[in-house]
>>> print(open('protein39.txt').read())   # compact mmCIF, C-alpha atoms and all ligand atoms
# COMPACT_ATOMS: atom_id res chain seq x y z
CA MET A 1 47.66 -1.83 -24.93
CA LYS A 2 51.29 -2.03 -23.84
CA SER A 3 52.26 -3.39 -20.43
CA ALA A 4 50.94 -1.35 -17.53
CA ARG A 5 53.88 0.52 -16.01
CA ILE A 6 53.86 0.33 -12.22
CA CYS A 7 55.48 2.56 -9.62
CA LEU A 8 55.81 0.90 -6.21
CA VAL A 9 55.49 3.30 -3.26
CA GLY A 10 56.87 1.78 -0.06
CA ALA A 11 59.49 -0.92 -0.44
CA GLY A 12 59.04 -2.57 2.96
CA ARG A 13 57.52 -5.93 3.84
CA ALA A 14 54.30 -5.80 1.81
CA GLY A 15 55.78 -3.63 -0.92
CA MET A 16 58.38 -6.22 -1.82
CA VAL A 17 55.72 -8.93 -2.23
CA HIS A 18 53.98 -6.76 -4.83
CA ALA A 19 57.29 -5.65 -6.35
CA PHE A 20 58.33 -9.25 -6.96
CA ASN A 21 54.96 -10.05 -8.53
CA PHE A 22 54.92 -7.03 -10.84
CA ARG A 23 58.57 -7.53 -11.78
CA TYR A 24 58.51 -11.27 -12.49
CA ARG A 25 55.10 -12.89 -12.27
CA VAL A 26 52.27 -10.65 -13.54
CA ALA A 27 51.87 -10.68 -17.30
CA GLU A 28 51.48 -7.31 -19.01
CA ALA A 29 52.91 -5.40 -16.05
CA GLU A 30 56.25 -3.66 -15.85
CA LEU A 31 57.76 -2.38 -12.59
CA VAL A 32 59.45 0.85 -13.65
CA ALA A 33 60.03 2.79 -10.41
CA ILE A 34 60.41 2.36 -6.68
CA VAL A 35 59.62 5.14 -4.22
CA ASP A 36 60.59 4.94 -0.57
CA ALA A 37 61.18 7.64 2.02
CA ASN A 38 64.32 5.66 2.83
CA GLU A 39 66.00 6.28 -0.50
CA ALA A 40 69.06 4.17 0.23
CA MET A 41 66.84 1.17 0.83
CA ALA A 42 64.85 1.94 -2.31
CA GLN A 43 68.12 2.04 -4.26
CA GLU A 44 69.14 -1.33 -2.88
CA ARG A 45 65.77 -2.93 -3.63
CA ALA A 46 65.70 -1.42 -7.14
CA GLY A 47 69.17 -2.85 -7.71
CA GLU A 48 68.04 -6.31 -6.63
CA LEU A 49 65.04 -6.19 -8.98
CA ASP A 50 66.73 -4.29 -11.79
CA VAL A 51 64.20 -1.43 -11.66
CA PRO A 52 65.38 1.70 -13.49
CA PHE A 53 64.00 4.62 -11.43
CA VAL A 54 64.20 5.37 -7.72
CA PHE A 55 62.64 8.29 -5.81
CA ASP A 56 62.23 9.36 -2.20
CA SER A 57 58.71 10.76 -2.58
CA ILE A 58 55.58 10.25 -4.65
CA GLU A 59 55.80 13.89 -5.75
CA SER A 60 59.26 13.35 -7.28
CA ALA A 61 58.11 10.19 -9.01
CA LEU A 62 55.02 11.87 -10.44
CA SER A 63 57.01 14.80 -11.80
CA GLN A 64 59.99 12.86 -13.15
CA ALA A 65 58.87 9.40 -14.28
CA ASP A 66 56.31 8.01 -16.67
CA PHE A 67 54.01 5.27 -15.38
CA ASP A 68 50.35 4.22 -15.46
CA ALA A 69 49.68 3.05 -11.92
CA VAL A 70 50.94 3.04 -8.36
CA CYS A 71 51.03 0.23 -5.85
CA ILE A 72 51.03 1.81 -2.39
CA ALA A 73 52.50 -0.18 0.50
CA THR A 74 53.46 2.58 2.90
CA PRO A 75 52.31 2.96 6.54
CA THR A 76 48.57 3.58 6.97
CA PHE A 77 48.91 7.23 8.02
CA THR A 78 50.46 8.07 4.62
CA HIS A 79 47.87 6.34 2.40
CA ALA A 80 45.42 9.21 1.92
CA SER A 81 47.89 11.84 0.72
CA ILE A 82 49.71 9.42 -1.60
CA VAL A 83 46.52 7.97 -3.10
CA ILE A 84 45.05 11.42 -3.68
CA ALA A 85 48.25 12.76 -5.29
CA ALA A 86 48.52 9.72 -7.56
CA ALA A 87 44.84 9.77 -8.56
CA ARG A 88 44.95 13.49 -9.34
CA ALA A 89 47.89 12.77 -11.63
CA GLY A 90 45.73 10.22 -13.46
CA LYS A 91 47.41 7.09 -12.05
CA HIS A 92 45.49 3.92 -11.24
CA VAL A 93 45.88 2.92 -7.60
CA LEU A 94 46.32 -0.33 -5.73
CA CYS A 95 46.48 0.67 -2.05
CA GLU A 96 47.31 -1.70 0.79
CA LYS A 97 44.88 -2.16 3.65
CA PRO A 98 43.81 -0.64 5.98
CA MET A 99 42.64 2.04 3.62
CA ALA A 100 43.25 5.06 5.87
CA LEU A 101 43.11 6.36 9.44
CA THR A 102 39.70 8.05 9.17
CA LEU A 103 36.48 7.84 7.15
CA ASP A 104 37.04 11.43 5.99
CA GLU A 105 40.36 10.35 4.47
CA ALA A 106 38.72 7.31 2.86
CA ASP A 107 35.98 9.48 1.37
CA ALA A 108 38.55 11.90 -0.06
CA MET A 109 40.49 9.00 -1.60
CA ILE A 110 37.34 7.57 -3.22
CA ALA A 111 36.34 11.01 -4.52
CA ALA A 112 39.82 11.66 -5.99
CA ALA A 113 39.80 8.34 -7.84
CA ARG A 114 36.26 8.88 -9.09
CA GLN A 115 37.02 12.39 -10.33
CA ALA A 116 40.12 11.19 -12.18
CA ASP A 117 38.30 8.09 -13.46
CA VAL A 118 41.09 5.78 -12.29
CA VAL A 119 40.95 2.34 -10.69
CA LEU A 120 41.11 2.33 -6.89
CA GLN A 121 41.65 -1.18 -5.51
CA ILE A 122 42.27 -1.95 -1.81
CA GLY A 123 44.64 -4.74 -0.79
CA PHE A 124 42.33 -7.32 0.75
CA MET A 125 44.15 -10.19 -0.96
CA ARG A 126 42.22 -12.77 1.07
CA ARG A 127 39.40 -12.32 -1.45
CA PHE A 128 41.73 -13.76 -4.10
CA ASP A 129 42.84 -16.76 -2.06
CA PRO A 130 41.53 -20.00 -3.59
CA ALA A 131 39.93 -21.29 -0.36
CA PHE A 132 38.24 -17.98 0.51
CA ARG A 133 37.04 -17.59 -3.10
CA ALA A 134 35.63 -21.10 -3.15
CA ALA A 135 33.78 -20.39 0.10
CA LYS A 136 32.26 -17.23 -1.35
CA GLU A 137 31.16 -19.09 -4.49
CA GLN A 138 29.58 -21.89 -2.45
CA ILE A 139 27.74 -19.45 -0.19
CA GLU A 140 26.39 -17.67 -3.27
CA ALA A 141 25.36 -21.02 -4.74
CA GLY A 142 23.38 -21.73 -1.55
CA VAL A 143 25.40 -24.84 -0.67
CA ILE A 144 25.23 -24.17 3.10
CA GLY A 145 22.01 -22.14 3.06
CA ASP A 146 22.12 -18.67 4.55
CA PRO A 147 25.17 -17.71 6.67
CA ILE A 148 24.25 -17.49 10.36
CA VAL A 149 27.61 -17.12 12.14
CA ILE A 150 30.95 -16.18 10.56
CA ARG A 151 34.04 -16.66 12.73
CA THR A 152 37.35 -15.41 11.44
CA LEU A 153 40.74 -15.04 13.03
CA THR A 154 44.11 -13.59 12.18
CA ARG A 155 47.13 -14.10 14.40
CA GLY A 156 50.60 -12.98 13.43
CA PRO A 157 53.85 -14.66 14.46
CA GLY A 158 55.75 -11.49 15.40
CA LEU A 159 55.12 -7.83 16.06
CA PRO A 160 54.55 -5.60 13.02
CA PRO A 161 56.84 -2.57 12.38
CA ARG A 162 56.88 0.09 15.12
CA TRP A 163 54.58 2.51 13.27
CA ALA A 164 51.99 -0.30 13.20
CA CYS A 165 52.18 -0.71 16.99
CA ASP A 166 51.36 2.96 17.53
CA PRO A 167 47.58 3.59 17.39
CA THR A 168 48.15 7.18 16.23
CA THR A 169 49.80 5.97 13.00
CA SER A 170 47.99 2.65 12.51
CA ILE A 171 44.71 2.78 14.56
CA GLY A 172 45.95 -0.41 16.25
CA MET A 173 45.96 -4.17 15.80
CA LEU A 174 42.33 -4.45 14.69
CA ALA A 175 43.29 -2.25 11.71
CA GLU A 176 46.77 -3.55 10.98
CA VAL A 177 46.13 -7.27 11.47
CA ASN A 178 42.37 -7.85 11.61
CA SER A 179 41.03 -5.43 8.99
CA HIS A 180 41.14 -8.52 6.74
CA ASP A 181 38.63 -10.18 9.07
CA PHE A 182 36.30 -7.20 8.97
CA ASP A 183 36.38 -7.36 5.17
CA THR A 184 35.94 -11.14 5.16
CA ILE A 185 32.83 -11.03 7.36
CA ARG A 186 31.00 -8.37 5.36
CA TRP A 187 32.06 -9.96 2.05
CA LEU A 188 30.96 -13.50 2.98
CA ALA A 189 27.78 -12.27 4.69
CA GLY A 190 26.91 -9.98 1.79
CA SER A 191 25.90 -7.32 4.29
CA GLU A 192 27.23 -4.40 6.33
CA PHE A 193 28.01 -4.03 10.04
CA ALA A 194 25.08 -2.89 12.14
CA ARG A 195 26.67 -3.12 15.60
CA VAL A 196 30.05 -4.15 17.02
CA TYR A 197 31.35 -4.87 20.49
CA ALA A 198 35.04 -5.44 21.20
CA GLU A 199 37.30 -6.36 24.10
CA ALA A 200 41.08 -5.97 24.02
CA ALA A 201 43.98 -6.77 26.30
CA THR A 202 47.75 -6.90 26.34
CA PHE A 203 49.26 -10.29 27.10
CA LYS A 204 52.25 -10.53 24.78
CA ALA A 205 54.01 -7.17 24.59
CA PRO A 206 53.36 -5.18 27.80
CA GLU A 207 56.38 -2.96 27.15
CA LEU A 208 54.59 -1.48 24.14
CA GLU A 209 51.53 -0.59 26.19
CA ALA A 210 53.66 1.87 28.16
CA GLU A 211 55.27 3.27 25.03
CA PHE A 212 52.15 3.62 22.89
CA PRO A 213 48.98 4.71 24.72
CA GLY A 214 46.06 2.62 23.51
CA PHE A 215 48.24 -0.30 22.40
CA TYR A 216 46.83 -3.83 22.79
CA ASP A 217 47.99 -7.13 21.33
CA THR A 218 44.91 -9.31 21.69
CA ALA A 219 41.29 -8.59 20.82
CA ILE A 220 37.94 -10.19 20.17
CA VAL A 221 35.05 -8.58 18.33
CA THR A 222 31.44 -9.67 18.11
CA THR A 223 29.18 -8.14 15.51
CA ARG A 224 25.68 -8.20 14.07
CA LEU A 225 25.23 -7.38 10.40
CA VAL A 226 22.31 -5.58 8.84
CA ASN A 227 20.95 -8.83 7.34
CA GLY A 228 21.09 -10.53 10.75
CA THR A 229 24.29 -12.57 10.29
CA LEU A 230 26.44 -12.70 13.43
CA GLY A 231 30.23 -12.43 13.32
CA ILE A 232 33.18 -13.12 15.62
CA ILE A 233 36.74 -11.88 15.09
CA ASP A 234 39.73 -13.06 17.11
CA GLY A 235 43.15 -11.42 16.78
CA CYS A 236 46.48 -11.72 18.52
CA CYS A 237 49.95 -10.58 17.59
CA PRO A 238 52.60 -11.82 18.30
CA VAL A 239 51.61 -15.44 18.87
CA GLY A 240 55.01 -16.92 18.06
CA TYR A 241 53.70 -20.24 16.72
CA GLY A 242 53.25 -19.08 13.12
CA TYR A 243 50.88 -17.15 10.88
CA ASP A 244 47.29 -18.22 11.39
CA ALA A 245 44.37 -17.00 9.25
CA ARG A 246 41.24 -19.12 9.24
CA ALA A 247 37.50 -18.69 8.98
CA GLU A 248 34.36 -20.71 9.53
CA VAL A 249 30.91 -20.02 8.10
CA LEU A 250 27.96 -21.67 9.79
CA GLY A 251 24.93 -21.64 7.51
CA THR A 252 21.32 -22.75 7.88
CA GLY A 253 22.22 -25.88 5.89
CA GLY A 254 25.85 -26.66 6.68
CA VAL A 255 29.24 -25.27 7.57
CA LEU A 256 32.39 -24.22 5.67
CA PHE A 257 35.89 -24.29 7.15
CA ILE A 258 38.30 -21.98 5.33
CA GLY A 259 42.07 -22.15 5.54
CA GLU A 260 44.59 -24.19 7.41
CA LEU A 261 47.36 -23.61 9.88
CA ARG A 262 49.64 -26.18 8.27
CA GLU A 263 51.62 -25.20 5.21
CA HIS A 264 51.40 -28.50 3.37
CA ALA A 265 49.95 -31.96 3.64
CA LEU A 266 53.11 -33.67 4.91
CA VAL A 267 52.67 -34.96 8.44
CA ARG A 268 55.51 -36.77 10.22
CA CYS A 269 54.95 -39.11 13.10
CA THR A 270 57.83 -40.55 15.16
CA ARG A 271 58.06 -42.04 18.62
CA GLU A 272 60.33 -39.20 19.70
CA ASP A 273 58.37 -36.24 18.30
CA GLY A 274 54.81 -37.48 17.99
CA VAL A 275 52.82 -35.93 15.15
CA VAL A 276 54.65 -33.03 13.51
CA THR A 277 53.51 -30.85 10.62
CA LYS A 278 54.91 -27.60 9.26
CA GLN A 279 52.88 -24.46 9.91
CA PHE A 280 52.73 -21.24 7.87
CA SER A 281 55.54 -19.01 9.08
CA ALA A 282 54.42 -15.75 7.43
CA TRP A 283 51.50 -14.06 5.70
CA ALA A 284 53.46 -13.67 2.46
CA LYS A 285 53.69 -17.46 2.24
CA ARG A 286 50.12 -18.24 3.36
CA PHE A 287 48.61 -15.83 0.85
CA GLU A 288 51.21 -16.10 -1.93
CA ALA A 289 48.57 -17.13 -4.48
CA GLY A 290 46.18 -14.46 -3.20
CA TYR A 291 48.71 -11.63 -3.60
CA LEU A 292 49.53 -12.77 -7.12
CA ALA A 293 45.87 -13.02 -8.15
CA GLU A 294 45.22 -9.63 -6.53
CA ASP A 295 48.03 -8.01 -8.53
CA GLU A 296 46.87 -9.71 -11.73
CA HIS A 297 43.33 -8.51 -11.09
CA PHE A 298 44.57 -4.92 -10.71
CA ILE A 299 46.31 -5.06 -14.08
CA ASN A 300 43.23 -6.61 -15.64
CA CYS A 301 41.04 -3.81 -14.29
CA ILE A 302 43.41 -1.20 -15.71
CA ARG A 303 43.37 -2.90 -19.10
CA THR A 304 39.65 -3.68 -19.36
CA GLY A 305 38.09 -0.86 -17.36
CA GLU A 306 36.26 -3.40 -15.18
CA PRO A 307 35.64 -2.26 -11.60
CA PRO A 308 37.95 -3.89 -9.04
CA LEU A 309 36.64 -6.74 -6.93
CA VAL A 310 37.80 -4.84 -3.82
CA SER A 311 36.85 -1.19 -4.25
CA GLY A 312 37.52 1.96 -2.28
CA GLU A 313 34.01 1.59 -0.86
CA ASP A 314 34.94 -1.89 0.40
CA GLY A 315 38.04 -0.43 2.05
CA ARG A 316 35.89 2.23 3.68
CA GLN A 317 33.33 -0.27 5.01
CA ALA A 318 36.03 -2.40 6.63
CA LEU A 319 37.59 0.74 8.10
CA GLU A 320 34.23 1.76 9.53
CA GLY A 321 33.99 -1.60 11.31
CA VAL A 322 37.53 -1.21 12.66
CA LEU A 323 36.85 2.31 13.94
CA ALA A 324 33.61 1.27 15.62
CA ALA A 325 35.32 -1.70 17.28
CA THR A 326 38.18 0.53 18.43
CA ARG A 327 35.73 2.93 20.03
CA SER A 328 34.00 -0.03 21.66
CA ILE A 329 37.32 -1.05 23.23
CA GLN A 330 37.71 2.48 24.56
CA THR A 331 34.18 2.91 25.91
CA GLY A 332 33.39 -0.64 26.95
CA ALA A 333 30.05 -0.39 25.13
CA PRO A 334 28.66 -1.76 21.86
CA VAL A 335 28.81 0.72 18.97
CA SER A 336 26.07 1.00 16.33
CA LEU A 337 26.85 1.94 12.76
CA PRO A 338 27.03 4.17 10.78
CA PHE A 339 30.05 5.25 12.77
CA ALA A 340 30.07 8.92 13.76
CA GLU A 341 33.61 10.19 13.57
CA SER A 342 32.42 13.50 14.95
CA ALA A 343 31.63 11.80 18.27
CA GLY A 344 35.35 11.92 19.09
CA ASP A 345 38.71 10.67 17.93
CA VAL A 346 39.42 6.99 18.30
CA MET A 347 43.20 7.44 18.32
N1 LIG B 1 47.90 -7.39 2.74
C1 LIG B 1 48.57 -7.79 3.82
O1 LIG B 1 48.35 -8.85 4.34
C2 LIG B 1 49.61 -6.89 4.40
C3 LIG B 1 50.69 -7.43 5.09
C4 LIG B 1 51.63 -6.52 5.63
C5 LIG B 1 51.45 -5.16 5.50
N2 LIG B 1 50.36 -4.68 4.84
C6 LIG B 1 50.11 -3.26 4.69
O2 LIG B 1 51.11 -2.69 3.86
C7 LIG B 1 51.42 -1.38 4.28
C8 LIG B 1 52.91 -1.32 4.62
O3 LIG B 1 53.17 -2.24 5.67
P1 LIG B 1 54.62 -2.92 5.82
O4 LIG B 1 54.47 -3.92 6.89
O5 LIG B 1 55.15 -3.30 4.50
O6 LIG B 1 55.45 -1.65 6.39
P2 LIG B 1 57.02 -1.43 6.38
O7 LIG B 1 57.30 -0.52 7.51
O8 LIG B 1 57.73 -2.75 6.29
O9 LIG B 1 57.28 -0.68 5.01
C9 LIG B 1 56.78 0.61 4.76
C10 LIG B 1 57.77 1.33 3.86
O10 LIG B 1 57.20 2.59 3.48
C11 LIG B 1 58.22 3.58 3.54
N3 LIG B 1 57.57 4.88 3.69
C12 LIG B 1 57.07 5.45 4.81
N4 LIG B 1 56.49 6.64 4.52
C13 LIG B 1 56.63 6.82 3.18
C14 LIG B 1 56.24 7.84 2.29
N5 LIG B 1 55.53 8.90 2.71
N6 LIG B 1 56.56 7.69 0.98
C15 LIG B 1 57.25 6.63 0.55
N7 LIG B 1 57.66 5.62 1.35
C16 LIG B 1 57.34 5.71 2.65
C17 LIG B 1 59.10 3.18 4.70
O11 LIG B 1 60.40 3.74 4.58
C18 LIG B 1 59.11 1.66 4.57
O12 LIG B 1 60.17 1.18 3.76
C19 LIG B 1 50.50 -1.10 5.46
O13 LIG B 1 49.33 -0.49 5.01
C20 LIG B 1 50.20 -2.49 5.99
O14 LIG B 1 48.99 -2.57 6.71
C21 LIG B 1 49.47 -5.51 4.27
>>> encode(input="protein39.txt", output="structure tokens")
Amino acid sequence: MKSARICLVGAGRAGMVHAFNFRYRVAEAELVAIVDANEAMAQERAGELDVPFVFDSIESALSQADFDAVCIATPTFTHASIVIAAARAGKHVLCEKPMALTLDEADAMIAAARQADVVLQIGFMRRFDPAFRAAKEQIEAGVIGDPIVIRTLTRGPGLPPRWACDPTTSIGMLAEVNSHDFDTIRWLAGSEFARVYAEAATFKAPELEAEFPGFYDTAIVTTRLVNGTLGIIDGCCPVGYGYDARAEVLGTGGVLFIGELREHALVRCTREDGVVTKQFSAWAKRFEAGYLAEDEHFINCIRTGEPPLVSGEDGRQALEGVLAATRSIQTGAPVSLPFAESAGDVM
């Protein structure tokens, strides 16, 4: 098979991480087109990466360019329509997290990919990070016994783009920042959410609370999984001090600590400064290896027909946890799963 030809949709923050990988680092992949609603920006980015085709919509790209797969890194509220259009055109899909705004959208995306028999992979790159992978392997090997409590946190240094601060276009911080934690807990526990309870508050960006009803910048979630494992999620954005993504798995026979705040092993100690070490400044740096392995995995799935390690169903399960936790914030009560969307909108 020739190289898989990739069309990037969304050339913003996450899109450019994938674009760089597919252009320069992933073997047997070729970045042939960039789509962005902001066509001038897409032109500029395509110029920087020497990518031949630029479009301002997925529809134009599908009708005018030849490619095998799309990598979708647009705002959450656009995922469903773009994934479905691409799948119906027979394109394999790598879609950034969170999968969609609603479970109905997620179901339609899964169905479209299944009907077209194309790969649908969701962008939980943490599953490809060496430390998270090693933890999963050791849990499966029984090294710490059965997981009892999984704690996981994600804190971002700055605010995400404006669309991601608006719950109507992003669901909110638990989706935009902490959907990784929802995926991590169910993946490491090997089970699904049975009940979630969440509390949220706004400490860091009160001006956004007035602008976007339902906005919060800090949240904690407690959860019980079907197999009895307990989980705790902690999120805050912006924290200012750096990008922080860590997890801890307490098992019946030991404990695993996953991830570090510091970027490398160098620690300086002087009389003036005390102990100083460099922290991760951004998610793209912390999970650089994870994004690359994720993109390589996508190409491998296209080439071999193997199912992706992070499927549409995985994206849906994490979304279900996020939606249940968001309703818990709104009602002040624990929410049992399966989550009933019909019981009212969460946004
Ligand atoms: N895996 C991760 O850790 C990670 C990190 C950051 C963002 N993300 C995800 O990536 C996605 C994008 O986030 P971002 O921070 O890069 O956003 P962004 O705002 O930086 O970029 C989004 C881009 O999409 C373009 N766009 C909007 N609507 C479009 C449409 N209909 N068609 C084509 N282009 C369109 C915008 O013009 C913009 O350039 C989100 O789903 C986000 O949650 C994932």
>>> closest_residue(input="protein39.txt", among="A:Val118, A:Ala29, A:Ile144, A:Cys71", to="Ala11 in chain A", atoms="all atoms listed in the file")
A:Cys71
>>> residues_near_ligand(input="protein39.txt", ligand="ligand LIG 1 (chain B)", cutoff="7 Å", atoms="only C-alpha atoms and all ligand atoms", output="JSON, numbers by chain")
{"A": [9, 10, 11, 12, 13, 14, 15, 35, 36, 37, 38, 56, 57, 58, 73, 74, 75, 76, 78, 96, 97, 98, 123, 124, 125, 160, 161, 176, 283]}
>>> residues_around(input="protein39.txt", residues="Val239 in chain A", least_positions_apart="4", cutoff="8 Å", atoms="all atoms listed in the file", output="PyMOL selection string")
chain A and resi 155-158+204
>>> atom_distance(input="protein39.txt", atom1="CA of Leu188 in chain A", atom2="CA of Lys136 in chain A")
5.9 Å
>>> atom_distance(input="protein39.txt", atom1="CA of Ala293 in chain A", atom2="CA of Leu309 in chain A")
11.2 Å
>>> closest_residue(input="protein39.txt", among="A:Asp117, A:Asp181, A:Glu30, A:Glu211", to="Arg162 in chain A", atoms="only C-alpha atoms")
A:Glu211
